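Shown next: model.csv, containing CSV, N, CA and C atoms and all ligand atoms.
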```
chain,number,residue,atom,x,y,z
N,11,MET,N,192.2,50.3,14.6
N,11,MET,CA,191.8,51.1,15.7
N,11,MET,C,192.1,52.6,15.4
N,12,TYR,N,191.2,53.4,15.9
N,12,TYR,CA,191.3,54.8,15.7
N,12,TYR,C,191.5,55.5,17.0
N,13,GLU,N,192.1,56.7,16.9
N,13,GLU,CA,192.3,57.4,18.2
N,13,GLU,C,192.1,58.9,17.9
N,14,LEU,N,191.7,59.6,18.9
N,14,LEU,CA,191.4,61.0,18.8
N,14,LEU,C,192.8,61.8,19.2
N,15,LYS,N,193.1,62.7,18.3
N,15,LYS,CA,194.4,63.4,18.5
N,15,LYS,C,194.1,64.9,18.4
N,16,ASN,N,195.0,65.6,19.0
N,16,ASN,CA,194.9,67.1,19.0
N,16,ASN,C,196.1,67.6,18.1
N,17,PHE,N,195.7,68.1,17.0
N,17,PHE,CA,196.7,68.6,16.0
N,17,PHE,C,197.6,69.7,16.7
N,18,SER,N,197.0,70.5,17.5
N,18,SER,CA,197.7,71.5,18.2
N,18,SER,C,198.8,70.9,19.1
N,19,GLU,N,198.5,69.8,19.8
N,19,GLU,CA,199.4,69.1,20.7
N,19,GLU,C,200.6,68.6,19.9
N,20,VAL,N,200.3,67.9,18.7
N,20,VAL,CA,201.3,67.4,17.9
N,20,VAL,C,202.3,68.5,17.4
N,21,MET,N,201.7,69.7,17.0
N,21,MET,CA,202.5,70.8,16.5
N,21,MET,C,203.3,71.5,17.6
N,22,VAL,N,202.7,71.5,18.8
N,22,VAL,CA,203.5,72.1,20.0
N,22,VAL,C,204.7,71.3,20.3
N,23,LYS,N,204.5,70.0,20.3
N,23,LYS,CA,205.6,69.1,20.6
N,23,LYS,C,206.7,69.2,19.5
N,24,LYS,N,206.3,69.3,18.2
N,24,LYS,CA,207.2,69.5,17.1
N,24,LYS,C,208.0,70.8,17.3
N,25,ALA,N,207.2,71.8,17.5
N,25,ALA,CA,207.8,73.2,17.6
N,25,ALA,C,208.8,73.2,18.8
N,26,LEU,N,208.5,72.6,19.9
N,26,LEU,CA,209.3,72.6,21.1
N,26,LEU,C,210.6,71.9,20.8
N,27,GLU,N,210.5,70.7,20.1
N,27,GLU,CA,211.7,70.0,19.7
N,27,GLU,C,212.6,70.8,18.8
N,28,GLU,N,212.0,71.5,17.8
N,28,GLU,CA,212.8,72.4,16.9
N,28,GLU,C,213.5,73.5,17.7
N,29,TYR,N,212.7,74.1,18.6
N,29,TYR,CA,213.2,75.2,19.4
N,29,TYR,C,214.4,74.7,20.3
N,30,LEU,N,214.3,73.6,20.9
N,30,LEU,CA,215.3,73.1,21.8
N,30,LEU,C,216.5,72.6,21.1
N,31,ALA,N,216.4,72.3,19.8
N,31,ALA,CA,217.5,71.9,19.0
N,31,ALA,C,218.5,73.0,18.8
N,32,SER,N,218.0,74.3,18.8
N,32,SER,CA,219.0,75.4,18.6
N,32,SER,C,219.0,76.4,19.7
N,33,ASN,N,218.3,76.2,20.8
N,33,ASN,CA,218.2,77.1,21.9
N,33,ASN,C,218.4,76.4,23.2
N,34,LYS,N,219.2,77.0,24.1
N,34,LYS,CA,219.4,76.3,25.4
N,34,LYS,C,218.4,76.9,26.4
N,35,ILE,N,217.8,76.0,27.2
N,35,ILE,CA,217.0,76.5,28.3
N,35,ILE,C,217.6,75.9,29.6
N,36,PRO,N,217.3,76.5,30.8
N,36,PRO,CA,218.0,76.1,32.0
N,36,PRO,C,217.8,74.6,32.4
N,37,CYS,N,216.5,74.1,32.1
N,37,CYS,CA,216.2,72.8,32.5
N,37,CYS,C,215.4,72.1,31.4
N,38,GLN,N,215.7,70.9,31.0
N,38,GLN,CA,215.0,70.2,30.0
N,38,GLN,C,214.5,68.9,30.6
N,39,CYS,N,214.2,68.9,31.9
N,39,CYS,CA,213.7,67.6,32.4
N,39,CYS,C,212.3,67.3,32.0
N,40,GLU,N,211.8,66.1,32.3
N,40,GLU,CA,210.5,65.7,31.8
N,40,GLU,C,209.4,66.6,32.4
N,41,ARG,N,209.6,67.1,33.6
N,41,ARG,CA,208.6,67.9,34.2
N,41,ARG,C,208.5,69.3,33.5
N,42,CYS,N,209.7,69.9,33.2
N,42,CYS,CA,209.7,71.2,32.6
N,42,CYS,C,209.1,71.1,31.2
N,43,ILE,N,209.5,70.0,30.5
N,43,ILE,CA,209.0,69.9,29.1
N,43,ILE,C,207.4,69.7,29.1
N,44,ALA,N,207.0,69.0,30.1
N,44,ALA,CA,205.5,68.8,30.2
N,44,ALA,C,204.8,70.1,30.6
N,45,ASP,N,205.4,70.9,31.5
N,45,ASP,CA,204.9,72.2,31.9
N,45,ASP,C,204.8,73.1,30.7
N,46,ILE,N,205.9,73.1,29.9
N,46,ILE,CA,206.0,74.0,28.7
N,46,ILE,C,204.9,73.6,27.7
N,47,THR,N,204.7,72.3,27.5
N,47,THR,CA,203.7,71.8,26.6
N,47,THR,C,202.3,72.2,27.1
N,48,ALA,N,202.1,72.0,28.3
N,48,ALA,CA,200.7,72.4,28.9
N,48,ALA,C,200.5,73.9,28.8
N,49,PHE,N,201.4,74.7,29.1
N,49,PHE,CA,201.3,76.1,29.1
N,49,PHE,C,200.9,76.6,27.7
N,50,ALA,N,201.7,76.1,26.7
N,50,ALA,CA,201.4,76.5,25.3
N,50,ALA,C,200.1,76.0,24.8
N,51,LEU,N,199.7,74.8,25.2
N,51,LEU,CA,198.4,74.2,24.7
N,51,LEU,C,197.2,74.9,25.3
N,52,ASN,N,197.4,75.4,26.5
N,52,ASN,CA,196.3,76.1,27.2
N,52,ASN,C,196.0,77.4,26.5
N,53,ARG,N,196.9,77.9,25.7
N,53,ARG,CA,196.7,79.2,25.0
N,53,ARG,C,196.4,79.1,23.6
N,54,LEU,N,196.3,77.8,23.1
N,54,LEU,CA,196.0,77.6,21.7
N,54,LEU,C,194.7,76.9,21.6
N,55,PRO,N,193.9,77.1,20.5
N,55,PRO,CA,192.7,76.4,20.4
N,55,PRO,C,193.0,74.9,20.0
N,56,PRO,N,192.2,74.0,20.6
N,56,PRO,CA,192.5,72.6,20.2
N,56,PRO,C,192.0,72.3,18.8
N,57,ARG,N,192.6,71.4,18.1
N,57,ARG,CA,192.1,71.0,16.8
N,57,ARG,C,192.2,69.5,16.7
N,58,TYR,N,191.0,68.9,17.1
N,58,TYR,CA,191.0,67.4,17.2
N,58,TYR,C,190.8,66.8,15.8
N,59,TYR,N,191.4,65.7,15.6
N,59,TYR,CA,191.2,64.9,14.4
N,59,TYR,C,191.3,63.4,14.8
N,60,VAL,N,190.7,62.6,13.9
N,60,VAL,CA,190.8,61.2,14.1
N,60,VAL,C,191.9,60.6,13.3
N,61,SER,N,192.7,59.8,13.9
N,61,SER,CA,193.8,59.2,13.1
N,61,SER,C,193.8,57.7,13.4
N,62,GLU,N,194.4,57.0,12.5
N,62,GLU,CA,194.6,55.5,12.8
N,62,GLU,C,195.7,55.4,13.8
N,63,LYS,N,195.5,54.4,14.7
N,63,LYS,CA,196.5,54.3,15.8
N,63,LYS,C,197.9,54.1,15.2
N,64,GLY,N,198.8,54.8,15.8
N,64,GLY,CA,200.2,54.7,15.4
N,64,GLY,C,200.6,55.5,14.2
N,65,GLU,N,199.6,56.1,13.5
N,65,GLU,CA,199.9,56.9,12.3
N,65,GLU,C,200.7,58.2,12.7
N,66,ILE,N,201.7,58.5,11.9
N,66,ILE,CA,202.5,59.6,12.2
N,66,ILE,C,202.2,60.7,11.2
N,67,LEU,N,202.1,61.9,11.7
N,67,LEU,CA,201.9,63.1,10.9
N,67,LEU,C,203.0,63.3,10.0
N,68,THR,N,202.7,63.5,8.7
N,68,THR,CA,203.8,63.8,7.7
N,68,THR,C,204.2,65.3,7.8
N,69,ASN,N,205.3,65.6,7.3
N,69,ASN,CA,205.8,67.0,7.2
N,69,ASN,C,204.8,67.8,6.3
N,70,TYR,N,204.3,67.1,5.3
N,70,TYR,CA,203.4,67.8,4.4
N,70,TYR,C,202.1,68.2,5.2
N,71,GLU,N,201.6,67.3,6.0
N,71,GLU,CA,200.4,67.7,6.8
N,71,GLU,C,200.7,68.8,7.8
N,72,ALA,N,201.9,68.7,8.3
N,72,ALA,CA,202.3,69.7,9.3
N,72,ALA,C,202.4,71.1,8.7
N,73,GLN,N,202.8,71.1,7.4
N,73,GLN,CA,202.9,72.4,6.7
N,73,GLN,C,201.5,73.0,6.5
N,74,LEU,N,200.5,72.2,6.5
N,74,LEU,CA,199.2,72.7,6.2
N,74,LEU,C,198.6,73.3,7.5
N,75,PHE,N,199.2,73.1,8.6
N,75,PHE,CA,198.6,73.6,9.8
N,75,PHE,C,198.6,75.1,9.8
N,76,PRO,N,197.4,75.7,10.1
N,76,PRO,CA,197.2,77.1,9.9
N,76,PRO,C,198.0,78.0,10.9
N,77,ASP,N,198.2,77.5,12.1
N,77,ASP,CA,198.7,78.4,13.2
N,77,ASP,C,200.2,78.1,13.5
N,78,ARG,N,201.0,77.7,12.5
N,78,ARG,CA,202.4,77.4,12.7
N,78,ARG,C,203.2,78.5,13.4
N,79,ALA,N,203.1,79.7,12.9
N,79,ALA,CA,203.8,80.8,13.5
N,79,ALA,C,203.4,81.0,14.9
N,80,ARG,N,202.1,81.0,15.1
N,80,ARG,CA,201.6,81.2,16.5
N,80,ARG,C,202.0,80.1,17.4
N,81,VAL,N,202.0,78.9,17.0
N,81,VAL,CA,202.5,77.8,17.8
N,81,VAL,C,203.9,78.1,18.3
N,82,MET,N,204.8,78.5,17.4
N,82,MET,CA,206.2,78.7,17.8
N,82,MET,C,206.2,79.9,18.8
N,83,THR,N,205.4,80.9,18.6
N,83,THR,CA,205.4,82.0,19.5
N,83,THR,C,205.0,81.6,20.9
N,84,GLU,N,204.0,80.8,21.0
N,84,GLU,CA,203.5,80.3,22.3
N,84,GLU,C,204.5,79.4,23.0
N,85,VAL,N,205.2,78.6,22.1
N,85,VAL,CA,206.2,77.7,22.7
N,85,VAL,C,207.4,78.5,23.3
N,86,ILE,N,207.8,79.5,22.6
N,86,ILE,CA,208.9,80.3,23.1
N,86,ILE,C,208.5,81.0,24.4
N,87,LEU,N,207.3,81.6,24.4
N,87,LEU,CA,206.8,82.2,25.6
N,87,LEU,C,206.7,81.2,26.8
N,88,ALA,N,206.2,80.0,26.5
N,88,ALA,CA,206.1,79.0,27.5
N,88,ALA,C,207.5,78.6,28.1
N,89,THR,N,208.5,78.5,27.2
N,89,THR,CA,209.8,78.1,27.7
N,89,THR,C,210.3,79.2,28.6
N,90,GLN,N,210.1,80.4,28.3
N,90,GLN,CA,210.6,81.5,29.1
N,90,GLN,C,209.9,81.6,30.5
N,91,ILE,N,208.6,81.3,30.5
N,91,ILE,CA,207.8,81.3,31.8
N,91,ILE,C,208.3,80.2,32.6
N,92,VAL,N,208.4,79.0,32.1
N,92,VAL,CA,208.8,77.8,32.9
N,92,VAL,C,210.3,77.9,33.3
N,93,ALA,N,211.1,78.5,32.4
N,93,ALA,CA,212.5,78.6,32.8
N,93,ALA,C,212.7,79.6,34.0
N,94,ALA,N,211.8,80.6,34.0
N,94,ALA,CA,211.9,81.6,35.1
N,94,ALA,C,211.3,81.1,36.4
N,95,ALA,N,210.4,80.2,36.3
N,95,ALA,CA,209.7,79.6,37.5
N,95,ALA,C,209.4,78.2,37.4
N,96,PRO,N,210.4,77.3,37.4
N,96,PRO,CA,210.2,75.9,37.3
N,96,PRO,C,209.3,75.3,38.4
N,97,SER,N,208.6,74.3,38.1
N,97,SER,CA,207.7,73.7,39.2
N,97,SER,C,208.4,72.9,40.2
N,98,HIS,N,209.7,72.7,40.0
N,98,HIS,CA,210.4,71.9,41.0
N,98,HIS,C,211.6,72.7,41.5
N,99,ASP,N,212.2,72.2,42.6
N,99,ASP,CA,213.4,72.9,43.1
N,99,ASP,C,214.5,73.0,42.1
N,100,ARG,N,215.2,74.0,42.1
N,100,ARG,CA,216.4,74.2,41.2
N,100,ARG,C,217.4,73.1,41.5
N,101,ASN,N,218.0,72.5,40.5
N,101,ASN,CA,219.0,71.5,40.7
N,101,ASN,C,220.4,71.9,40.2
J,201,ZN,ZN,213.1,70.8,35.1
```

Here is a file; write its structure as structure tokens.
Amino acid sequence: MYELKNFSEVMVKKALEEYLASNKIPCQCERCIADITAFALNRLPPRYYVSEKGEILTNYEAQLFPDRARVMTEVILATQIVAAAPSHDRN
């Protein structure tokens, strides 16, 4: 089975994980993580590819991604925007 994937989405999720590993944000709930991912992805061009179902991107392939620096920039911007105005009530 094959599936359509967006390389940008894979990279945004990776970049966000990396960022959260060393930076604190006010809320890391499922909603905020989804909002951050959506915000960053809306500002990046999609890069679709076909992968075999369940196939995981290797680090080597991730290194080849042309917009790595930009992805991290967008992820950082997105975390700041969402942290300043979360979609849910503050808890
Ligand atoms: Zn939240």

Q. Residues at most 8 Å from segment 63-65 of chain N, counting all atoms listed in the file, excluding those fewer than 2 positions away in the same chain, as an MDAnalysis selection string?
A. chainID N and resid 11:14 60:61 67:68

Q | Spatial neighbours of Ser97 of chain N, max dist 8 Å, all atoms listed in the file, sep filter under 6 positions, as a PyMOL selection string | A | chain N and resi 41-42+45

Q: Identify, with DSSP run on backbone atoms, the residues in segment 34-81 of chain N assigned to strand (DSSP E), and express the list as a PyMOL selection string.
A: chain N and resi 58-62

Sort by chain and increasing residue number a table of all residues of chain N within 6 Å of ligand ZN 201 (chain J), each with its closest pair of atoms and their distance in Å to one decimal, counting only N, CA and C atoms and all ligand atoms, and write it as a Markdown table.
```
| residue | atom | partner | partner_atom | distance |
| --- | --- | --- | --- | --- |
| N:Cys37 | CA | J:ZN201 | ZN | 4.5 |
| N:Gln38 | N | J:ZN201 | ZN | 4.9 |
| N:Cys39 | N | J:ZN201 | ZN | 3.9 |
| N:Glu40 | N | J:ZN201 | ZN | 5.6 |
| N:Arg41 | C | J:ZN201 | ZN | 5.1 |
| N:Cys42 | N | J:ZN201 | ZN | 4.0 |
| N:Ile43 | N | J:ZN201 | ZN | 5.9 |
```

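Straight-line separation from atom N of Leu87 of chain N to atom C of Ile66 of chain N: 25.2 Å.
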
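Of note, atom C of Phe17 of chain N and atom C of His98 of chain N are spaced 28.6 Å apart.
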
Q.
Could you go through segment 43-82 of chain N and tell me which residues DSSP, when run on the backbone, assigns to helix (DSSP H, G or I), listing them as a list in words?
A. Ile43, Ala44, Asp45, Ile46, Thr47, Ala48, Phe49, Ala50, Leu51, Asn52, Asn69, Tyr70, Glu71, Ala72, Gln73, Leu74, Arg78, Ala79, Arg80, Val81 and Met82 of chain N

(Q) With distances taken over all atoms listed in the file, which residue among N:Lys34, N:Ala25, N:Tyr58, N:Val20 lies nearest Ile86 of chain N? (A)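 Residue with the minimum atom-to-atom distance to Ile86 of chain N: N:Ala25.
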
Q.
Report, in Å to a single decimal, how far apart atom N of Pro36 of chain N and atom C of Ala79 of chain N are.
A. 21.6 Å

Just need the box for segment 12-25 of chain N, edges along x, y and z, holding every atom the file lists for it with 8 Å tacked onto each side, so centre and edge lengths in Å to one decimal, as lines of an AutoDock Vina configuration file.
```
center_x = 200.0
center_y = 63.3
center_z = 18.2
size_x = 33.6
size_y = 35.8
size_z = 21.0
```

Q. Hey, which of N:Ala95, N:Ala88, N:Leu30, N:Leu74 ends up closest to Leu51 of chain N? Count only C-alpha atoms.
A.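 Among the listed residues, the smallest separation from Leu51 of chain N belongs to N:Ala88.
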
For Ala50 of chain N, work out the shell of residues within 6 Å, counting only N, CA and C atoms and skipping chain neighbours fewer than 3 positions away, then give it as a PDB file with N, CA and C atoms, in the coordinates of the input.
```pdb
ATOM      1  N   ASP N  45     205.400  70.900  31.500  1.00  0.00           N
ATOM      2  CA  ASP N  45     204.900  72.200  31.900  1.00  0.00           C
ATOM      3  C   ASP N  45     204.800  73.100  30.700  1.00  0.00           C
ATOM      4  N   ILE N  46     205.900  73.100  29.900  1.00  0.00           N
ATOM      5  CA  ILE N  46     206.000  74.000  28.700  1.00  0.00           C
ATOM      6  C   ILE N  46     204.900  73.600  27.700  1.00  0.00           C
ATOM      7  N   THR N  47     204.700  72.300  27.500  1.00  0.00           N
ATOM      8  CA  THR N  47     203.700  71.800  26.600  1.00  0.00           C
ATOM      9  C   THR N  47     202.300  72.200  27.100  1.00  0.00           C
ATOM     10  N   ARG N  53     196.900  77.900  25.700  1.00  0.00           N
ATOM     11  CA  ARG N  53     196.700  79.200  25.000  1.00  0.00           C
ATOM     12  C   ARG N  53     196.400  79.100  23.600  1.00  0.00           C
ATOM     13  N   LEU N  54     196.300  77.800  23.100  1.00  0.00           N
ATOM     14  CA  LEU N  54     196.000  77.600  21.700  1.00  0.00           C
ATOM     15  C   LEU N  54     194.700  76.900  21.600  1.00  0.00           C
ATOM     16  N   GLU N  84     204.000  80.800  21.000  1.00  0.00           N
ATOM     17  CA  GLU N  84     203.500  80.300  22.300  1.00  0.00           C
ATOM     18  C   GLU N  84     204.500  79.400  23.000  1.00  0.00           C
ATOM     19  N   VAL N  85     205.200  78.600  22.100  1.00  0.00           N
ATOM     20  CA  VAL N  85     206.200  77.700  22.700  1.00  0.00           C
ATOM     21  C   VAL N  85     207.400  78.500  23.300  1.00  0.00           C
ATOM     22  N   ALA N  88     206.200  80.000  26.500  1.00  0.00           N
ATOM     23  CA  ALA N  88     206.100  79.000  27.500  1.00  0.00           C
ATOM     24  C   ALA N  88     207.500  78.600  28.100  1.00  0.00           C
TER      25      ALA N  88
END
```
